[in-house]
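Structure data follow from target.tsv (TSV, C-alpha atoms):
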```
chain	number	residue	atom	x	y	z
A	1	MET	CA	71.49	-155.71	-259.13
A	2	LEU	CA	68.51	-154.12	-257.38
A	3	ARG	CA	69.00	-156.45	-254.42
A	4	SER	CA	72.66	-155.46	-254.19
A	5	ILE	CA	71.82	-151.73	-254.16
A	6	SER	CA	69.16	-152.12	-251.47
A	7	GLY	CA	71.59	-154.21	-249.39
A	8	THR	CA	74.21	-151.46	-249.59
A	9	MET	CA	71.62	-148.83	-248.69
A	10	ALA	CA	70.48	-150.89	-245.71
A	11	ARG	CA	74.06	-151.16	-244.48
A	12	HIS	CA	74.52	-147.39	-244.87
A	13	CYS	CA	71.29	-146.73	-242.99
A	14	LEU	CA	72.39	-149.03	-240.19
A	15	LEU	CA	75.72	-147.21	-239.98
A	16	VAL	CA	73.96	-143.82	-239.77
A	17	VAL	CA	71.64	-145.08	-237.04
A	18	ALA	CA	74.59	-146.50	-235.09
A	19	VAL	CA	76.45	-143.17	-235.30
A	20	VAL	CA	73.37	-141.22	-234.17
A	21	VAL	CA	72.75	-143.58	-231.23
A	22	LEU	CA	76.40	-143.42	-230.20
A	23	GLY	CA	76.36	-139.62	-230.41
A	24	LEU	CA	73.22	-139.40	-228.30
A	25	SER	CA	74.62	-141.72	-225.65
A	26	VAL	CA	77.85	-139.67	-225.43
A	27	THR	CA	75.84	-136.46	-225.13
A	28	SER	CA	73.63	-137.86	-222.39
A	29	ALA	CA	76.71	-139.13	-220.50
A	30	GLN	CA	78.18	-135.60	-220.35
A	31	ALA	CA	78.18	-134.11	-216.88
A	32	ARG	CA	75.63	-131.41	-216.18
A	33	PRO	CA	76.83	-128.01	-214.97
A	34	TYR	CA	77.48	-128.06	-211.22
A	35	ASN	CA	75.23	-125.12	-210.43
A	36	VAL	CA	72.33	-126.94	-212.09
A	37	ILE	CA	73.03	-130.02	-209.97
A	38	MET	CA	73.14	-127.91	-206.79
A	39	LYS	CA	69.88	-126.14	-207.64
A	40	ASP	CA	68.26	-129.52	-208.15
A	41	VAL	CA	69.67	-130.67	-204.80
A	42	ALA	CA	68.17	-127.59	-203.13
A	43	SER	CA	64.73	-128.17	-204.62
A	44	ALA	CA	64.78	-131.93	-203.94
A	45	SER	CA	65.91	-131.34	-200.32
A	46	GLY	CA	63.09	-128.87	-199.76
A	47	ALA	CA	60.56	-131.28	-201.22
A	48	LEU	CA	61.95	-134.15	-199.12
A	49	ARG	CA	61.71	-132.11	-195.92
A	50	LYS	CA	58.03	-131.37	-196.59
A	51	SER	CA	57.30	-135.01	-197.40
A	52	VAL	CA	59.10	-136.29	-194.31
A	53	ASP	CA	57.35	-133.76	-192.05
A	54	ALA	CA	54.01	-134.87	-193.49
A	55	SER	CA	54.98	-138.57	-193.16
A	56	ASP	CA	54.34	-138.86	-196.87
A	57	PHE	CA	56.20	-142.10	-197.59
A	58	ALA	CA	55.65	-142.09	-201.36
A	59	GLY	CA	56.86	-138.50	-201.69
A	60	SER	CA	59.82	-139.12	-199.36
A	61	LEU	CA	60.81	-142.18	-201.38
A	62	GLU	CA	60.65	-140.26	-204.65
A	63	HIS	CA	62.63	-137.25	-203.40
A	64	SER	CA	65.25	-139.24	-201.51
A	65	GLN	CA	65.91	-141.41	-204.56
A	66	ARG	CA	66.26	-138.26	-206.64
A	67	LEU	CA	68.73	-136.88	-204.08
A	68	GLU	CA	70.69	-140.12	-204.21
A	69	ARG	CA	71.16	-139.65	-207.96
A	70	LEU	CA	72.05	-135.98	-207.54
A	71	PHE	CA	74.68	-136.72	-204.88
A	72	LYS	CA	76.15	-139.34	-207.20
A	73	GLU	CA	76.53	-136.57	-209.79
A	74	THR	CA	78.12	-134.39	-207.11
A	75	GLU	CA	80.53	-137.16	-206.21
A	76	ASP	CA	81.46	-137.63	-209.88
A	77	PHE	CA	82.18	-133.90	-210.21
A	78	TRP	CA	84.65	-133.95	-207.32
A	79	THR	CA	86.18	-137.33	-208.07
A	80	LYS	CA	88.06	-135.97	-211.06
A	81	PHE	CA	89.68	-133.37	-208.76
A	82	LYS	CA	90.48	-136.00	-206.07
A	83	THR	CA	89.20	-133.62	-203.41
A	84	LYS	CA	88.67	-135.89	-200.43
A	85	ASP	CA	86.46	-133.74	-198.22
A	86	ALA	CA	84.03	-132.94	-201.03
A	87	ILE	CA	83.93	-136.54	-202.21
A	88	ASP	CA	83.36	-137.73	-198.63
A	89	ALA	CA	80.51	-135.26	-198.18
A	90	ALA	CA	78.86	-136.30	-201.45
A	91	VAL	CA	79.22	-140.00	-200.66
A	92	GLY	CA	77.90	-139.47	-197.12
A	93	ALA	CA	74.89	-137.55	-198.41
A	94	LYS	CA	74.28	-140.16	-201.09
A	95	GLU	CA	74.34	-143.01	-198.57
A	96	LEU	CA	72.07	-141.16	-196.18
A	97	SER	CA	69.62	-140.46	-199.01
A	98	ALA	CA	69.57	-144.19	-199.73
A	99	SER	CA	68.78	-144.93	-196.09
A	100	ILE	CA	65.95	-142.35	-196.13
A	101	ALA	CA	64.58	-144.10	-199.19
A	102	ALA	CA	64.85	-147.46	-197.43
A	103	ALA	CA	63.02	-146.09	-194.36
A	104	ALA	CA	60.31	-144.59	-196.57
A	105	ASN	CA	59.96	-147.85	-198.39
A	106	ALA	CA	59.59	-149.65	-195.05
A	107	LYS	CA	57.14	-146.95	-193.92
A	108	ASP	CA	59.27	-146.28	-190.85
A	109	ALA	CA	58.47	-142.62	-190.12
A	110	GLN	CA	60.79	-142.28	-187.14
A	111	LYS	CA	63.81	-143.69	-188.93
A	112	MET	CA	63.01	-141.59	-191.99
A	113	LYS	CA	62.87	-138.37	-189.95
A	114	THR	CA	66.08	-139.12	-188.06
A	115	ALA	CA	67.96	-139.87	-191.28
A	116	ALA	CA	66.60	-136.81	-193.08
A	117	GLY	CA	67.68	-134.62	-190.17
A	118	GLY	CA	71.32	-135.56	-190.74
A	119	LEU	CA	71.46	-134.60	-194.39
A	120	GLY	CA	72.21	-130.93	-193.83
A	121	LYS	CA	75.59	-131.47	-192.17
A	122	PHE	CA	77.04	-132.91	-195.40
A	123	CYS	CA	75.88	-129.86	-197.33
A	124	THR	CA	77.30	-127.48	-194.73
A	125	SER	CA	80.70	-129.16	-194.53
A	126	CYS	CA	81.18	-129.03	-198.28
A	127	HIS	CA	79.83	-125.51	-198.68
A	128	ASP	CA	82.14	-124.22	-195.94
A	129	SER	CA	85.19	-125.36	-197.88
A	130	HIS	CA	84.14	-125.14	-201.49
A	131	ARG	CA	81.41	-122.55	-201.90
A	132	GLU	CA	82.16	-118.85	-201.97
A	133	GLN	CA	79.60	-116.12	-202.35
A	134	MET	CA	80.49	-113.29	-204.71
A	135	PRO	CA	79.49	-109.65	-204.16
A	136	ASP	CA	76.64	-110.12	-206.66
A	137	LYS	CA	75.32	-112.96	-204.43
A	138	SER	CA	76.24	-115.62	-206.98
A	139	TYR	CA	78.37	-118.57	-205.90
A	140	ARG	CA	81.67	-119.89	-207.13
A	141	ILE	CA	83.43	-123.17	-206.51
A	142	ARG	CA	86.65	-123.11	-204.50
A	143	PRO	CA	89.19	-125.84	-205.31
B	144	MET	CA	123.82	-56.49	-237.62
B	145	LEU	CA	123.59	-56.61	-233.85
B	146	ALA	CA	125.35	-53.45	-232.96
B	147	TYR	CA	127.31	-50.50	-233.97
B	148	VAL	CA	130.93	-51.31	-233.25
B	149	THR	CA	133.40	-48.65	-232.25
B	150	PRO	CA	137.08	-49.15	-231.48
B	151	GLY	CA	138.04	-48.25	-227.90
B	152	HIS	CA	141.24	-47.97	-225.84
B	153	ARG	CA	142.35	-49.39	-222.45
B	154	GLY	CA	145.89	-48.36	-221.91
B	155	ASN	CA	147.76	-49.65	-224.94
B	156	GLU	CA	145.30	-52.51	-225.66
B	157	LYS	CA	142.72	-52.16	-228.34
B	158	THR	CA	139.23	-52.84	-227.12
B	159	PHE	CA	135.83	-52.79	-228.79
B	160	ARG	CA	132.70	-51.18	-227.57
B	161	ILE	CA	129.23	-52.00	-228.82
B	162	LEU	CA	126.73	-49.21	-228.49
B	163	GLY	CA	129.06	-47.86	-225.88
B	164	VAL	CA	129.15	-51.10	-223.84
B	165	SER	CA	132.50	-52.78	-223.11
B	166	GLU	CA	133.36	-56.13	-224.79
B	167	PRO	CA	133.30	-58.42	-221.64
B	168	LEU	CA	129.95	-57.02	-220.66
B	169	CYS	CA	128.64	-57.63	-224.18
B	170	VAL	CA	129.75	-61.29	-224.01
B	171	GLY	CA	128.02	-61.66	-220.65
B	172	ILE	CA	124.78	-60.21	-221.99
B	173	VAL	CA	124.86	-62.49	-225.06
B	174	VAL	CA	125.48	-65.57	-222.88
B	175	LEU	CA	122.62	-64.57	-220.60
B	176	ILE	CA	120.21	-64.08	-223.56
B	177	LEU	CA	121.25	-67.40	-225.08
B	178	ALA	CA	120.75	-69.13	-221.74
B	179	ILE	CA	117.25	-67.68	-221.38
B	180	VAL	CA	116.30	-68.59	-224.96
B	181	LEU	CA	117.81	-72.06	-224.96
B	182	TRP	CA	116.93	-73.15	-221.41
B	183	PRO	CA	113.51	-74.61	-222.18
B	184	HIS	CA	114.94	-76.59	-225.12
B	185	LEU	CA	117.82	-77.87	-223.05
B	186	SER	CA	115.61	-78.91	-220.18
B	187	ASN	CA	113.22	-80.68	-222.60
B	188	ALA	CA	116.07	-82.51	-224.20
B	189	GLN	CA	117.25	-83.57	-220.81
B	190	SER	CA	113.88	-84.92	-219.76
B	191	SER	CA	113.35	-86.81	-223.02
B	192	SER	CA	116.71	-88.53	-222.86
B	193	PRO	CA	116.47	-92.14	-221.63
B	194	GLN	CA	116.76	-92.30	-217.88
B	195	LYS	CA	117.70	-95.22	-215.76
B	196	PRO	CA	114.67	-96.67	-214.01
B	197	PRO	CA	114.69	-95.94	-210.31
B	198	LEU	CA	116.20	-98.82	-208.40
B	199	ILE	CA	113.43	-100.93	-206.86
B	200	LYS	CA	114.29	-102.16	-203.41
B	201	PRO	CA	115.02	-105.89	-203.55
B	202	GLU	CA	113.06	-106.48	-200.36
B	203	ASP	CA	109.98	-104.99	-202.04
B	204	LEU	CA	110.46	-107.28	-205.03
B	205	ALA	CA	110.87	-110.29	-202.76
B	206	ASN	CA	107.81	-109.29	-200.76
B	207	GLU	CA	105.78	-109.08	-203.97
B	208	TRP	CA	106.90	-112.62	-204.81
B	209	PHE	CA	105.43	-113.84	-201.51
B	210	ILE	CA	102.16	-112.01	-202.20
B	211	ARG	CA	101.78	-113.54	-205.65
B	212	LEU	CA	102.87	-116.98	-204.47
B	213	ASN	CA	100.15	-116.90	-201.84
B	214	GLU	CA	97.65	-115.84	-204.49
B	215	LEU	CA	98.27	-119.04	-206.44
B	216	ASP	CA	95.36	-120.67	-204.58
B	217	ASP	CA	93.03	-117.80	-205.39
B	218	TRP	CA	91.05	-119.29	-208.25
B	219	TYR	CA	87.83	-121.15	-208.91
B	220	ILE	CA	86.48	-124.22	-210.62
B	221	SER	CA	83.95	-123.39	-213.32
B	222	TYR	CA	80.50	-124.96	-213.23
B	223	ASP	CA	81.51	-127.24	-216.07
B	224	GLY	CA	84.53	-128.45	-214.13
B	225	LYS	CA	87.43	-126.39	-215.48
B	226	GLU	CA	90.23	-125.31	-213.14
B	227	GLU	CA	90.54	-121.60	-213.84
B	228	ASN	CA	93.94	-120.84	-212.34
B	229	GLN	CA	95.57	-119.31	-215.38
B	230	LYS	CA	95.16	-115.70	-214.25
B	231	VAL	CA	96.99	-116.19	-210.95
B	232	VAL	CA	99.71	-118.23	-212.64
B	233	ASP	CA	100.21	-115.46	-215.20
B	234	ARG	CA	100.44	-112.89	-212.43
B	235	PHE	CA	103.08	-114.95	-210.65
B	236	LEU	CA	105.08	-115.35	-213.86
B	237	GLU	CA	105.13	-111.60	-214.48
B	238	LEU	CA	107.79	-111.39	-211.78
B	239	TYR	CA	110.25	-113.56	-213.70
B	240	ALA	CA	112.67	-112.66	-216.49
B	241	ASP	CA	112.25	-114.67	-219.69
B	242	ASP	CA	115.44	-116.61	-219.05
B	243	ALA	CA	114.97	-117.05	-215.31
B	244	PHE	CA	115.92	-120.03	-213.19
B	245	HIS	CA	113.63	-121.36	-210.47
B	246	GLN	CA	115.10	-124.03	-208.25
B	247	VAL	CA	113.19	-126.05	-205.67
B	248	GLY	CA	113.69	-129.22	-203.69
B	249	PRO	CA	112.66	-132.59	-205.08
B	250	SER	CA	109.11	-133.83	-204.68
B	251	ALA	CA	108.30	-137.19	-203.13
B	252	THR	CA	108.89	-138.90	-206.46
B	253	GLN	CA	112.15	-137.09	-207.33
B	254	ILE	CA	115.73	-136.98	-206.15
B	255	GLY	CA	118.35	-134.25	-206.48
B	256	PRO	CA	117.94	-130.62	-207.42
B	257	VAL	CA	114.94	-129.60	-209.49
B	258	ILE	CA	115.60	-126.61	-211.71
B	259	PHE	CA	113.05	-124.91	-213.93
B	260	HIS	CA	114.59	-122.73	-216.63
B	261	GLY	CA	112.59	-120.25	-218.68
B	262	LYS	CA	109.02	-119.07	-218.33
B	263	ASP	CA	107.38	-122.14	-219.84
B	264	ALA	CA	109.09	-124.43	-217.34
B	265	ILE	CA	108.35	-122.11	-214.42
B	266	ARG	CA	104.73	-121.88	-215.59
B	267	LYS	CA	104.52	-125.66	-215.28
B	268	TRP	CA	105.80	-125.46	-211.70
B	269	ALA	CA	103.41	-122.63	-210.80
B	270	ASP	CA	100.45	-124.39	-212.41
B	271	ASP	CA	101.14	-127.62	-210.53
B	272	PHE	CA	101.72	-125.75	-207.28
B	273	SER	CA	98.52	-123.77	-207.76
B	274	LYS	CA	96.48	-126.95	-208.26
B	275	LYS	CA	98.16	-128.90	-205.49
B	276	TYR	CA	97.68	-126.61	-202.49
B	277	VAL	CA	94.97	-124.45	-200.96
B	278	ALA	CA	95.01	-121.96	-198.08
B	279	LEU	CA	98.52	-120.88	-199.04
B	280	ASN	CA	100.22	-118.73	-196.49
B	281	TYR	CA	103.95	-118.40	-196.97
B	282	ARG	CA	104.94	-115.77	-194.45
B	283	ILE	CA	108.22	-114.16	-193.68
B	284	GLU	CA	109.54	-115.14	-190.30
B	285	TYR	CA	109.48	-112.50	-187.61
B	286	LYS	CA	112.58	-111.64	-185.62
B	287	THR	CA	112.10	-109.77	-182.40
B	288	ARG	CA	114.71	-108.00	-180.33
B	289	LYS	CA	114.10	-105.40	-177.65
B	290	GLU	CA	110.35	-105.69	-178.20
B	291	LYS	CA	110.77	-104.68	-181.84
B	292	PRO	CA	109.33	-107.24	-184.26
B	293	LEU	CA	110.60	-107.26	-187.84
B	294	GLN	CA	110.36	-109.46	-190.91
B	295	PRO	CA	113.93	-109.09	-192.15
B	296	PHE	CA	115.13	-109.38	-195.73
B	297	TYR	CA	118.84	-109.59	-196.31
B	298	ALA	CA	119.50	-107.47	-199.40
B	299	ILE	CA	122.49	-106.85	-201.61
B	300	GLN	CA	123.40	-104.70	-204.62
B	301	PHE	CA	125.40	-106.85	-207.04
B	302	PRO	CA	128.53	-105.27	-208.58
B	303	TRP	CA	127.45	-106.51	-212.02
B	304	GLY	CA	124.06	-104.80	-211.74
B	305	GLY	CA	120.83	-106.03	-210.27
B	306	THR	CA	120.09	-106.88	-206.69
B	307	GLY	CA	119.58	-109.84	-204.43
B	308	ALA	CA	117.46	-110.64	-201.39
B	309	SER	CA	116.95	-113.54	-199.07
B	310	THR	CA	114.79	-114.31	-196.10
B	311	GLN	CA	113.52	-117.06	-193.86
B	312	PHE	CA	109.86	-117.97	-193.97
B	313	GLU	CA	107.25	-120.40	-192.77
B	314	ALA	CA	105.26	-122.18	-195.45
B	315	ILE	CA	101.73	-122.84	-194.24
B	316	PHE	CA	99.60	-124.73	-196.71
B	317	THR	CA	96.86	-127.32	-197.05
B	318	ASN	CA	97.01	-130.22	-199.46
B	319	ARG	CA	94.14	-129.81	-201.85
B	320	ASP	CA	93.38	-133.50	-202.12
B	321	ASP	CA	93.45	-134.73	-198.51
B	322	ARG	CA	92.97	-131.28	-196.86
B	323	ARG	CA	95.83	-131.86	-194.41
B	324	GLN	CA	97.50	-128.66	-193.28
B	325	TYR	CA	101.23	-128.26	-192.63
B	326	VAL	CA	103.75	-125.69	-191.53
B	327	VAL	CA	107.26	-126.04	-192.93
B	328	PRO	CA	110.21	-123.69	-192.32
B	329	GLY	CA	112.12	-122.51	-195.35
B	330	ALA	CA	114.40	-119.96	-196.93
B	331	VAL	CA	114.48	-118.25	-200.29
B	332	PHE	CA	117.27	-116.54	-202.21
B	333	PHE	CA	116.51	-114.16	-205.06
B	334	MET	CA	118.65	-112.58	-207.74
B	335	PHE	CA	116.93	-109.74	-209.57
B	336	ASP	CA	118.10	-108.21	-212.83
B	337	GLU	CA	118.38	-104.47	-213.33
B	338	SER	CA	114.75	-104.19	-214.42
B	339	GLY	CA	113.63	-105.84	-211.17
B	340	LYS	CA	112.67	-109.19	-212.71
B	341	ILE	CA	113.67	-112.42	-211.04
B	342	ASP	CA	116.75	-113.79	-212.68
B	343	ASN	CA	117.21	-116.67	-210.28
B	344	VAL	CA	115.34	-117.94	-207.26
B	345	ARG	CA	116.30	-120.79	-204.98
B	346	LEU	CA	113.62	-122.09	-202.65
B	347	TYR	CA	114.48	-124.31	-199.70
B	348	LEU	CA	111.83	-126.14	-197.67
B	349	LEU	CA	112.97	-128.14	-194.66
B	350	GLN	CA	110.66	-131.09	-195.12
B	351	ASN	CA	112.21	-132.89	-192.15
B	352	GLU	CA	110.92	-130.10	-189.92
B	353	ALA	CA	107.40	-130.14	-191.34
B	354	VAL	CA	104.65	-130.18	-188.72
B	355	GLU	CA	101.05	-131.10	-189.40
B	356	ILE	CA	98.51	-128.68	-187.99
B	357	ALA	CA	95.76	-130.68	-186.37
```
Output the file's structure in the form of structure tokens.
Amino acid sequence: MLRSISGTMARHCLLVVAVVVLGLSVTSAQARPYNVIMKDVASASGALRKSVDASDFAGSLEHSQRLERLFKETEDFWTKFKTKDAIDAAVGAKELSASIAAAANAKDAQKMKTAAGGLGKFCTSCHDSHREQMPDKSYRIRP
Amino acid sequence: MLAYVTPGHRGNEKTFRILGVSEPLCVGIVVLILAIVLWPHLSNAQSSSPQKPPLIKPEDLANEWFIRLNELDDWYISYDGKEENQKVVDRFLELYADDAFHQVGPSATQIGPVIFHGKDAIRKWADDFSKKYVALNYRIEYKTRKEKPLQPFYAIQFPWGGTGASTQFEAIFTNRDDRRQYVVPGAVFFMFDESGKIDNVRLYLLQNEAVEIA
């Protein structure tokens, strides 16, 4: 009798744990707000520039890998709208971030600097089409 | 009692005099007093009676349609990824009567005429249109003679009430997905009801004459 009750309780506990884990994984999979992603991109880009200028390979590796993840988030945001130019810009920036990381990993300062110098054009092309500044200096996303 | 009445004589006819004033003159004075007293009431009654709305020029109504059509790309995506185009779609729909017809050509996946009837159906069209194109610029075609440029609307007053207008235009737009820009000639025919709402609109786009802008 006692064994049967404890077995039922254990099953219930397992079920609760499974639901909690599932809920947490769904929550963590939710996309972050786009302005938060862009602010992170801005800070990571600034940090990468400083690291590259200082030939700091460890720092460059860390920041370029972070940018790679952030541009993947950017790509995911635009993929659901099927907006080719924005997706292309995000993918281009993501791939270039990966090559910066590879150069940093290989401790190739020249290659790292050249690659990092090309990152800005992806930002500019997307911002020209999809970023609009409001009178209060905030930004909104154009379709 | 208004007056002291005395019998009077004009030839053989009997006349009446009031305070020594002849009868026709008395009538005139009474009418004048009544007119002065009643005038404000009459004029008020006139102004409060329902008046017909002033006729809005059909070319102005048609022009407003172009303005609001071009505004259908004027919206933003929220930071959490929502397409916030409802306001511009609502504004576009304000121009239509509840029972309106909106007819367009078939899309790439359709054949035959495509007719949207009623505001819900037209909302669907406007919503799709708003999400499909950016940089909308439907502009009325210029005609120039003797160095005088004009964007002509051909307008009519219907005998059953309401008005109509038509014009030629150039549709300049960019596909939102692939960002390719086109210019396509077209024509539009409007029927407006007496309140100035669109009762029927027929939109023609000559897809065979579409040109991509490089």
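Look at Lys39 of chain A: the protein and nucleic acid residues within 12 Å of it, using only C-alpha atoms and passing over chain neighbours fewer than 3 places away, are Arg32, Pro33, Tyr34, Asn35, Val36, Ala42, Ser43, Ala44, Ser45, Gly46, Leu67, Leu70, Phe71, Thr74 and Tyr139 of chain A.
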Quiz prompt | Within 8 Å of chain B: residues of chain A, using only C-alpha atoms, as an MDAnalysis selection string | solution = chainID A and resid 31:35 77 81:85 140:143
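Neighbouring residues of segment 287-298 of chain B at 12 Å or closer, counting all atoms listed in the file and skipping chain neighbours under 4 positions away, are Ile199, Lys200, Pro201, Glu202, Asp203, Leu204, Ala205, Asn206, Arg282, Ile283, Gly305, Thr306, Gly307, Ala308, Ser309, Thr310, Gln311, Phe312, Glu313, Ala330, Val331, Phe332, Phe333, Met334 and Phe335 of chain B.
Note that the spacing between atom CA of Ile100 of chain A and atom CA of Met112 of chain A amounts to 5.1 Å.
The spacing separating atom CA of Pro328 of chain B from atom CA of Asp128 of chain A amounts to 28.3 Å.
Across B:Ala357, B:Leu198, B:Leu175, B:Leu236, the tightest approach to Ile341 of chain B is made by B:Leu236 when counting only C-alpha atoms.
Reported to one decimal place, the separation of atom CA of Glu352 of chain B from atom CA of Ile258 of chain B is 22.6 Å.
When only C-alpha atoms are used to measure the gap to Ala101 of chain A, the shortest distance among A:His130, A:Lys72, A:Lys121, A:His63 belongs to A:His63.
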Practice problem: Choose the residue, out of A:Lys94, A:Ala86, A:Glu73, A:Asp108, that has the smallest atom-to-atom separation from Ser55 of chain A; count all atoms listed in the file. | Solution: A:Asp108
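For Gln110 of chain A, the set of protein, DNA and RNA residues having any atom at most 12 Å away, when counting only C-alpha atoms and skipping those fewer than 4 positions along the same chain, is Val52, Asp53, Ala54, Ser55, Phe57, Ile100, Ala103, Ala104, Ala106, Thr114, Ala115, Ala116 and Gly117 of chain A.
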Self-check item: All residues 7 Å or closer to Asn213 of chain B, all atoms listed in the file, same chain fewer than 6 positions away omitted, as a PyMOL selection string
Solution: chain B and resi 279-281
Those residues you just picked out, can you put them in a file as an mmCIF file, keeping the file's coordinate frame with C-alpha atoms?
```cif
data_model
loop_
_atom_site.group_PDB
_atom_site.id
_atom_site.type_symbol
_atom_site.label_atom_id
_atom_site.label_comp_id
_atom_site.auth_asym_id
_atom_site.auth_seq_id
_atom_site.Cartn_x
_atom_site.Cartn_y
_atom_site.Cartn_z
ATOM 1 C CA LEU B 279 98.520 -120.880 -199.040
ATOM 2 C CA ASN B 280 100.220 -118.730 -196.490
ATOM 3 C CA TYR B 281 103.950 -118.400 -196.970
#
```
